[in-house]
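Listing of work-v2.cif, mmCIF, C-alpha atoms
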```
data_target
loop_
_atom_site.label_atom_id
_atom_site.label_comp_id
_atom_site.auth_asym_id
_atom_site.auth_seq_id
_atom_site.Cartn_x
_atom_site.Cartn_y
_atom_site.Cartn_z
CA MET A 1 90.85 110.37 105.92
CA SER A 2 94.48 111.48 106.10
CA ASP A 3 97.06 111.83 103.37
CA GLY A 4 99.36 108.84 103.62
CA PHE A 5 96.51 106.32 103.77
CA GLU A 6 94.57 104.40 101.20
CA PHE A 7 91.24 103.03 102.46
CA ARG A 8 89.21 100.77 100.22
CA ARG A 9 86.46 98.21 100.50
CA HIS A 10 86.58 94.93 98.59
CA GLY A 11 83.19 93.38 99.26
CA GLU A 12 83.14 92.28 102.89
CA ILE A 13 86.81 93.15 103.46
CA ALA A 14 88.11 96.69 104.06
CA ARG A 15 91.77 97.50 103.57
CA LEU A 16 93.74 100.28 105.25
CA THR A 17 97.11 100.77 103.54
CA PHE A 18 99.95 102.94 104.80
CA ALA A 19 100.83 104.67 101.53
CA ARG A 20 104.11 106.54 101.90
CA PRO A 21 106.44 104.02 100.23
CA GLU A 22 109.11 106.67 99.65
CA LYS A 23 109.33 106.99 103.48
CA MET A 24 108.93 103.25 104.16
CA ASN A 25 105.34 104.10 105.16
CA ALA A 26 106.40 106.11 108.21
CA ILE A 27 103.30 107.18 110.15
CA ARG A 28 102.75 110.91 110.53
CA HIS A 29 100.86 112.45 113.47
CA GLU A 30 97.92 113.19 111.19
CA MET A 31 97.77 109.52 110.23
CA TRP A 32 97.79 108.37 113.85
CA SER A 33 94.95 110.82 114.52
CA ALA A 34 92.89 109.45 111.60
CA ILE A 35 93.02 105.76 112.59
CA PRO A 36 90.15 105.95 115.14
CA ASP A 37 87.91 107.44 112.44
CA VAL A 38 88.82 104.62 110.05
CA VAL A 39 88.02 102.04 112.72
CA ALA A 40 84.69 103.73 113.50
CA GLU A 41 83.81 103.69 109.80
CA VAL A 42 84.59 99.97 109.55
CA GLU A 43 82.62 99.15 112.68
CA ALA A 44 79.61 101.15 111.45
CA ASP A 45 79.50 99.65 107.93
CA PRO A 46 77.22 96.58 107.99
CA ALA A 47 78.72 95.32 104.72
CA VAL A 48 82.27 95.09 106.11
CA LYS A 49 83.25 92.07 108.21
CA VAL A 50 87.08 92.27 108.39
CA LEU A 51 89.73 95.00 108.30
CA VAL A 52 93.13 94.24 106.73
CA VAL A 53 95.98 96.63 107.58
CA THR A 54 99.06 96.67 105.36
CA GLY A 55 101.69 98.87 103.73
CA ALA A 56 102.29 99.95 100.15
CA GLY A 57 105.38 98.76 98.34
CA GLU A 58 108.19 96.92 100.06
CA HIS A 59 107.38 97.63 103.71
CA PHE A 60 104.58 97.51 106.26
CA SER A 61 105.80 100.57 108.17
CA ALA A 62 109.13 101.76 109.54
CA GLY A 63 107.26 103.40 112.43
CA ALA A 64 106.41 106.92 113.49
CA ASP A 65 107.78 109.68 111.27
CA ILE A 66 110.78 110.79 113.34
CA GLY A 67 111.12 113.83 111.06
CA GLU A 68 108.12 115.35 112.89
CA PHE A 69 109.59 114.93 116.35
CA ARG A 70 111.49 118.24 116.49
CA ALA A 71 108.31 120.14 115.72
CA LEU A 72 105.77 118.01 117.57
CA ARG A 73 107.72 116.34 120.39
CA SER A 74 110.31 118.99 121.22
CA THR A 75 108.68 119.67 124.61
CA ALA A 76 107.21 117.42 127.28
CA GLU A 77 103.77 118.84 126.55
CA GLY A 78 104.19 118.19 122.83
CA ALA A 79 105.27 114.62 123.53
CA VAL A 80 102.17 114.05 125.68
CA ASN A 81 99.88 115.39 122.95
CA TYR A 82 101.60 113.26 120.30
CA ASP A 83 101.32 110.15 122.47
CA ARG A 84 97.60 110.76 122.96
CA ALA A 85 97.10 110.37 119.22
CA VAL A 86 99.16 107.16 119.14
CA THR A 87 97.34 105.68 122.12
CA ALA A 88 93.94 106.54 120.67
CA ALA A 89 94.89 104.76 117.42
CA VAL A 90 96.15 101.67 119.23
CA GLU A 91 93.10 101.61 121.52
CA ALA A 92 90.73 101.90 118.57
CA LEU A 93 92.35 98.99 116.73
CA GLY A 94 92.63 96.87 119.86
CA SER A 95 88.99 97.35 120.86
CA MET A 96 87.39 96.55 117.49
CA ARG A 97 84.68 93.90 117.57
CA LYS A 98 85.19 93.21 113.88
CA PRO A 99 88.43 91.30 113.33
CA SER A 100 91.56 93.09 112.16
CA ILE A 101 94.43 91.41 110.30
CA ALA A 102 97.91 92.83 109.75
CA MET A 103 99.49 91.78 106.43
CA ILE A 104 103.21 92.45 106.94
CA GLN A 105 106.11 92.68 104.53
CA GLY A 106 109.54 94.25 104.90
CA ASN A 107 110.09 96.54 107.87
CA CYS A 108 107.55 96.45 110.69
CA ILE A 109 109.35 98.57 113.22
CA GLY A 110 108.52 100.96 116.07
CA GLY A 111 105.05 102.39 115.59
CA GLY A 112 104.51 100.01 112.67
CA CYS A 113 104.98 97.05 114.98
CA GLN A 114 102.77 98.81 117.51
CA VAL A 115 99.95 98.87 114.94
CA ALA A 116 100.53 95.23 113.97
CA VAL A 117 100.42 94.10 117.61
CA ALA A 118 97.14 95.99 118.10
CA CYS A 119 95.55 93.94 115.31
CA ASP A 120 93.93 90.60 116.09
CA VAL A 121 95.96 88.41 113.69
CA ARG A 122 99.29 88.88 111.89
CA PHE A 123 100.54 87.27 108.67
CA ALA A 124 104.14 88.01 107.68
CA ALA A 125 106.26 87.58 104.60
CA ALA A 126 109.47 85.63 105.15
CA ASP A 127 111.50 88.81 104.58
CA ALA A 128 109.70 90.82 107.27
CA ARG A 129 111.68 92.38 110.12
CA PHE A 130 110.23 93.37 113.48
CA GLY A 131 111.42 95.68 116.21
CA ILE A 132 110.05 97.96 118.92
CA THR A 133 112.55 100.75 119.37
CA PRO A 134 111.61 103.39 122.00
CA ALA A 135 114.79 102.54 123.94
CA LYS A 136 116.77 104.03 121.02
CA LEU A 137 114.94 107.35 121.46
CA GLY A 138 114.72 107.67 125.22
CA ILE A 139 110.97 107.03 125.11
CA VAL A 140 109.07 104.81 127.56
CA TYR A 141 106.58 102.61 125.72
CA ASP A 142 102.96 103.36 126.65
CA PHE A 143 101.09 101.09 129.04
CA LEU A 144 98.40 99.91 126.61
CA SER A 145 100.88 98.85 123.91
CA THR A 146 103.14 97.23 126.51
CA ARG A 147 100.19 95.25 127.86
CA GLN A 148 99.23 94.14 124.36
CA LEU A 149 102.80 93.06 123.64
CA VAL A 150 103.16 91.14 126.93
CA ALA A 151 99.83 89.40 126.31
CA LEU A 152 101.00 88.40 122.84
CA VAL A 153 104.58 87.22 123.42
CA GLY A 154 104.93 86.95 127.22
CA PRO A 155 107.06 89.05 129.57
CA ALA A 156 110.42 87.48 128.67
CA HIS A 157 110.09 88.16 124.94
CA ALA A 158 108.55 91.58 125.62
CA ARG A 159 111.61 92.51 127.67
CA TYR A 160 113.92 91.19 124.95
CA LEU A 161 112.25 93.36 122.32
CA LEU A 162 111.73 96.51 124.40
CA LEU A 163 114.96 96.62 126.37
CA SER A 164 117.26 95.84 123.45
CA ALA A 165 115.34 97.52 120.59
CA ARG A 166 116.86 94.79 118.40
CA LEU A 167 115.27 93.73 115.14
CA VAL A 168 114.19 90.12 114.63
CA GLY A 169 113.35 88.23 111.44
CA ALA A 170 109.97 86.75 110.62
CA ASP A 171 110.82 83.21 111.73
CA ARG A 172 112.08 84.44 115.10
CA ALA A 173 108.99 86.64 115.44
CA ALA A 174 106.82 83.57 114.84
CA GLU A 175 108.73 81.62 117.49
CA MET A 176 108.02 84.45 119.94
CA GLY A 177 104.33 84.47 119.06
CA LEU A 178 104.56 87.93 117.53
CA VAL A 179 103.07 86.69 114.23
CA ASN A 180 100.63 83.88 113.50
CA GLU A 181 102.05 82.64 110.22
CA VAL A 182 105.07 83.25 107.97
CA VAL A 183 104.86 82.66 104.22
CA ASP A 184 106.90 83.48 101.14
CA ARG A 185 106.29 87.06 100.02
CA GLU A 186 104.57 85.98 96.82
CA LEU A 187 102.03 84.02 98.91
CA LEU A 188 101.38 86.73 101.51
CA GLU A 189 98.41 88.37 99.79
CA LYS A 190 96.77 85.03 98.92
CA THR A 191 97.27 83.57 102.41
CA THR A 192 96.03 86.67 104.21
CA MET A 193 92.98 87.15 102.03
CA GLU A 194 92.02 83.48 102.22
CA PHE A 195 92.05 83.75 106.01
CA ALA A 196 90.03 86.98 105.88
CA GLU A 197 87.48 85.31 103.61
CA THR A 198 87.29 82.35 106.00
CA VAL A 199 86.50 84.70 108.89
CA CYS A 200 83.88 86.43 106.72
CA SER A 201 82.21 83.05 106.10
CA ARG A 202 81.76 82.35 109.81
CA SER A 203 78.95 83.47 112.09
CA GLN A 204 79.56 87.16 112.68
CA THR A 205 77.52 86.98 115.85
CA ALA A 206 80.03 84.45 117.19
CA VAL A 207 83.12 86.15 115.72
CA ARG A 208 82.38 89.59 117.14
CA SER A 209 81.18 88.36 120.52
CA MET A 210 84.24 86.13 120.98
CA ASN A 211 86.49 88.99 119.92
CA GLU A 212 84.90 91.17 122.57
CA ILE A 213 85.35 88.52 125.26
CA ILE A 214 89.02 88.06 124.31
CA GLY A 215 89.46 91.83 124.59
CA ARG A 216 87.94 91.80 128.06
CA ILE A 217 90.32 89.02 129.14
CA LEU A 218 93.31 90.98 127.79
CA ALA A 219 92.11 94.03 129.72
CA GLY A 220 92.30 92.02 132.95
CA GLN A 221 88.84 90.51 133.38
CA ARG A 222 89.22 87.14 135.06
CA GLU A 223 85.66 85.88 135.46
CA SER A 224 82.47 85.93 133.43
CA ASP A 225 79.98 88.69 134.14
CA ALA A 226 76.48 89.72 133.11
CA GLU A 227 77.68 91.23 129.81
CA VAL A 228 79.58 88.09 128.80
CA GLU A 229 76.59 85.92 129.64
CA ARG A 230 74.35 88.28 127.65
CA LEU A 231 76.59 87.86 124.60
CA ARG A 232 76.40 84.08 124.92
CA SER A 233 72.65 84.09 125.53
CA ASP A 234 72.00 86.38 122.55
CA ALA A 235 74.07 84.05 120.35
CA VAL A 236 71.95 80.97 121.03
CA ARG A 237 68.82 83.00 120.28
CA SER A 238 70.22 84.30 117.01
CA ALA A 239 69.49 83.34 113.40
CA ASP A 240 73.16 82.35 113.09
CA TYR A 241 72.74 79.65 115.73
CA ALA A 242 69.65 78.25 114.00
CA GLU A 243 71.46 78.22 110.66
CA GLY A 244 74.64 76.70 112.10
CA VAL A 245 72.77 73.82 113.74
CA ALA A 246 70.61 73.22 110.67
CA ALA A 247 73.66 73.18 108.39
CA PHE A 248 75.44 70.70 110.65
CA LEU A 249 72.45 68.35 110.76
CA GLU A 250 71.92 68.65 107.01
CA ARG A 251 75.62 68.10 106.32
CA ARG A 252 76.06 71.29 104.31
CA PRO A 253 78.10 74.48 104.72
CA PRO A 254 76.27 77.13 106.79
CA ARG A 255 74.97 80.21 105.00
CA PHE A 256 75.32 83.01 107.50
CA ALA A 257 74.09 86.51 106.71
#
```
Once you've parsed the file, please lay out its structure as C-alpha cells.
Amino acid sequence: MSDGFEFRRHGEIARLTFARPEKMNAIRHEMWSAIPDVVAEVEADPAVKVLVVTGAGEHFSAGADIGEFRALRSTAEGAVNYDRAVTAAVEALGSMRKPSIAMIQGNCIGGGCQVAVACDVRFAAADARFGITPAKLGIVYDFLSTRQLVALVGPAHARYLLLSARLVGADRAAEMGLVNEVVDRELLEKTTMEFAETVCSRSQTAVRSMNEIIGRILAGQRESDAEVERLRSDAVRSADYAEGVAAFLERRPPRFA
C-alpha cells in the first residue's frame, strides 16, 4: 500500500480512499503504481464483493500530481515510464470482475476523472466538477482511457471533453453519461453505499460473469464465444441459480452466499 491511500474493508465492501486532502487528493506516481495491487487484493478476498473508490475531504481527486512531472516526466523516456504506471492502474480497475463504484465529490479532474471512468458505476455529489485535461499539458490521452471514455459518453462528448479540457458540472456530466446519478452532497454516502449493498445482495456468480462479458464487449468483442457460453452454462449449474429460482417460486428474497 502507498502513502496517500486509505484502504479499508467494511464487511463485504472495500473502500479505497485518495487521502491527500491538502493537495486535493492529487495522485502521485507511487499511488498509481499501487492501484493494481489494491485491485488484486480485492479480487482475491472472498469476503469482499464491491470496491468503492473515493476521496478524502472536499474532493475526489484533482488528478495526477503535476509537481512530480519535472522529476519524473522531464524526458520522453520518463513520460513513457510514468504512463505505464497510469495505464496499469486504469487497466486493473477496468478489468475487475468484482464491481467498482466511484463516489465523487468536488473536483474529479484529469487523472481523477480517468480513475472514475475506469470504475463500473459513478455516483456524484451535485457540487462535483469533471474535466479531462491533457490538452492543457501537451499530453495525448492514452488509448485505453480514451476507449473507456468513448464507450461511456460517445465520440461527440469525448471530443468535447478531451479537445477543450473544459470542466463540466455534475448535471452536465450526467447528461453526457459520464455519471450514473447525481445527488445532494449530504446524500452521496448513503446513496452510494445503498447501491453497493444492493449489488452485494445479488448473485455474485451473475454479477461477476456479466461484468466480465461487458468488459469483453467494451474491448471490441462483437459475438459470443466459448468463454462467454461457459460463463452462462456455469451460472445455470450454480447454487445461486437454484437459490434464485427457489426464492422466486417461494415468493421470498433470495439468500445468496
Practice problem: Run through the PyMOL selection byres ((chain A and resi 44-59) around 8) on the given coordinates and return the selected residues as a ChimeraX atom specification. | Solution: /A:9,11-21,24-25,40-43,60-62,98-108,116,196,199-200,204
Quiz item: What do you get, as number ranges by chain, if you spell out every residue that the PyMOL selection byres ((chain A and resi 33) around 10) selects here?
Solution: A: 1-2, 28-32, 34-38, 82, 84-89
Need the shell around Ala64 of chain A: protein/DNA/RNA residues with any atom at most 7 Å away, counting only C-alpha atoms. Skip same-chain ones fewer than 4 positions apart. Format as a CSV table (one decimal) with C-alpha atoms, in the frame of the given file?
```csv
chain,number,residue,atom,x,y,z
A,26,ALA,CA,106.4,106.1,108.2
A,27,ILE,CA,103.3,107.2,110.2
A,28,ARG,CA,102.8,110.9,110.5
A,110,GLY,CA,108.5,101.0,116.1
A,111,GLY,CA,105.0,102.4,115.6
```
Quiz item: For Gly244 of chain A, which residue out of A:Met176, A:Ala206, A:Ala124, A:Ile213 is the nearest one, using all atoms listed in the file?
Solution: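 Checking each of A:Met176, A:Ala206, A:Ala124, A:Ile213 against Gly244 of chain A, counting all atoms listed in the file, the winner is A:Ala206.
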Quiz item: Which neighbours of Arg73 of chain A fall inside 10 Å, counting all atoms listed in the file, when residues of the same chain fewer than 6 positions from it are skipped, and could you give them as a PyMOL selection string?
Solution: chain A and resi 66+79-83
Exercise. Measuring atom to atom with only C-alpha atoms, identify which of A:Arg147, A:Arg230, A:Lys190, A:Arg122 is nearest to Ala173 of chain A.
Key: A:Arg122
Exercise. Quick one: apply the PyMOL selection byres ((chain A and resi 134-143) around 9) to the file and drop the selected residues here as a list of chain:residue names.
Key: A:Asp83, A:Thr87, A:Gly110, A:Ile132, A:Thr133, A:Leu144, A:Ser145, A:Thr146, A:Arg147, A:Gln148, A:Leu162, A:Leu163, A:Ser164, A:Ala165
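You can rank A:Met210, A:Val90, A:Val117, A:Met193 by their closest distance to His10 of chain A using all atoms listed in the file, and at the top of that list sits A:Met193.
Rounded to one decimal, atom CA of Glu68 of chain A and atom CA of Cys119 of chain A lie 24.9 Å from each other.
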Quiz prompt | Between atom CA of Arg222 of chain A and atom CA of Ser209 of chain A, distance in Å (one decimal) | solution =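 Separation between atom CA of Arg222 of chain A and atom CA of Ser209 of chain A: 16.7 Å.
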Quiz prompt | Counting all atoms listed in the file, the option among A:Ala151, A:Val179, A:Leu167, A:Ala239 closest to Gly220 of chain A | solution =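 Using all atoms listed in the file, the shortest distance to Gly220 of chain A belongs to A:Ala151.
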Self-check item: Counting only C-alpha atoms, the residue of A:Phe248, A:Phe123, A:Phe130, A:Tyr241 that sits nearest Glu189 of chain A
Solution: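 Distance minimum relative to Glu189 of chain A lands on A:Phe123.
The spacing separating atom CA of Ser95 of chain A from atom CA of Thr205 of chain A amounts to 16.3 Å.
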Quiz item: For the point (73.4, 80.0, 107.0) in file coordinates, what residues are within 10 Å, counting all atoms listed in the file? Give the answer as a list in words?
Solution: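 Checked against the point, the hits come out as Ser201, Arg202, Ser203, Ala239, Asp240, Tyr241, Ala242, Glu243, Gly244, Val245, Ala246, Ala247, Arg252, Pro253, Pro254, Arg255, Phe256 and Ala257 of chain A.
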Quiz item: Taking into account all atoms listed in the file, which residue in the set A:Ala126, A:Leu178, A:Ala76, A:Ile217 is nearest to Ala158 of chain A?
Solution: A:Leu178
Write out N, CA and C atoms for segment 150-175 of chain A, as a compact mmCIF listing (two decimals), keeping the file's coordinate frame.
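part_5.txt, written as the output of this step:
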```
# COMPACT_ATOMS: atom_id res chain seq x y z
N VAL A 150 102.95 92.19 125.91
CA VAL A 150 103.16 91.14 126.93
C VAL A 150 102.12 90.04 126.77
N ALA A 151 100.87 90.41 126.50
CA ALA A 151 99.83 89.40 126.31
C ALA A 151 100.11 88.53 125.09
N LEU A 152 100.75 89.12 124.09
CA LEU A 152 101.00 88.40 122.84
C LEU A 152 102.21 87.49 122.93
N VAL A 153 103.32 87.98 123.47
CA VAL A 153 104.58 87.22 123.42
C VAL A 153 105.08 86.79 124.79
N GLY A 154 104.45 87.27 125.87
CA GLY A 154 104.93 86.95 127.22
C GLY A 154 105.96 87.96 127.70
N PRO A 155 106.17 88.02 129.02
CA PRO A 155 107.06 89.05 129.57
C PRO A 155 108.51 88.89 129.15
N ALA A 156 109.01 87.66 129.02
CA ALA A 156 110.42 87.48 128.67
C ALA A 156 110.72 88.02 127.27
N HIS A 157 109.88 87.67 126.30
CA HIS A 157 110.09 88.16 124.94
C HIS A 157 109.81 89.66 124.84
N ALA A 158 108.82 90.14 125.61
CA ALA A 158 108.55 91.58 125.62
C ALA A 158 109.76 92.35 126.12
N ARG A 159 110.39 91.85 127.16
CA ARG A 159 111.61 92.51 127.67
C ARG A 159 112.73 92.45 126.62
N TYR A 160 112.88 91.32 125.98
CA TYR A 160 113.92 91.19 124.95
C TYR A 160 113.74 92.26 123.88
N LEU A 161 112.51 92.41 123.40
CA LEU A 161 112.25 93.36 122.32
C LEU A 161 112.37 94.80 122.80
N LEU A 162 111.78 95.12 123.95
CA LEU A 162 111.73 96.51 124.40
C LEU A 162 113.06 97.00 124.96
N LEU A 163 113.73 96.17 125.73
CA LEU A 163 114.96 96.62 126.37
C LEU A 163 116.13 96.70 125.40
N SER A 164 116.15 95.84 124.40
CA SER A 164 117.26 95.84 123.45
C SER A 164 117.00 96.70 122.22
N ALA A 165 115.73 96.86 121.84
CA ALA A 165 115.34 97.52 120.59
C ALA A 165 115.95 96.82 119.37
N ARG A 166 116.31 95.55 119.52
CA ARG A 166 116.86 94.79 118.40
C ARG A 166 115.77 94.42 117.40
N LEU A 167 116.19 94.22 116.16
CA LEU A 167 115.27 93.73 115.14
C LEU A 167 115.37 92.21 115.06
N VAL A 168 114.23 91.57 114.80
CA VAL A 168 114.19 90.12 114.63
C VAL A 168 113.53 89.79 113.31
N GLY A 169 113.94 88.67 112.69
CA GLY A 169 113.35 88.23 111.44
C GLY A 169 112.00 87.58 111.65
N ALA A 170 111.33 87.28 110.56
CA ALA A 170 109.97 86.75 110.62
C ALA A 170 109.90 85.41 111.34
N ASP A 171 110.86 84.52 111.09
CA ASP A 171 110.82 83.21 111.73
C ASP A 171 110.98 83.35 113.24
N ARG A 172 111.90 84.21 113.65
CA ARG A 172 112.08 84.44 115.10
C ARG A 172 110.84 85.08 115.70
N ALA A 173 110.22 86.01 114.97
CA ALA A 173 108.99 86.64 115.44
C ALA A 173 107.89 85.60 115.63
N ALA A 174 107.82 84.63 114.71
CA ALA A 174 106.82 83.57 114.84
C ALA A 174 107.10 82.70 116.06
N GLU A 175 108.37 82.40 116.31
CA GLU A 175 108.73 81.62 117.49
C GLU A 175 108.30 82.34 118.77
```
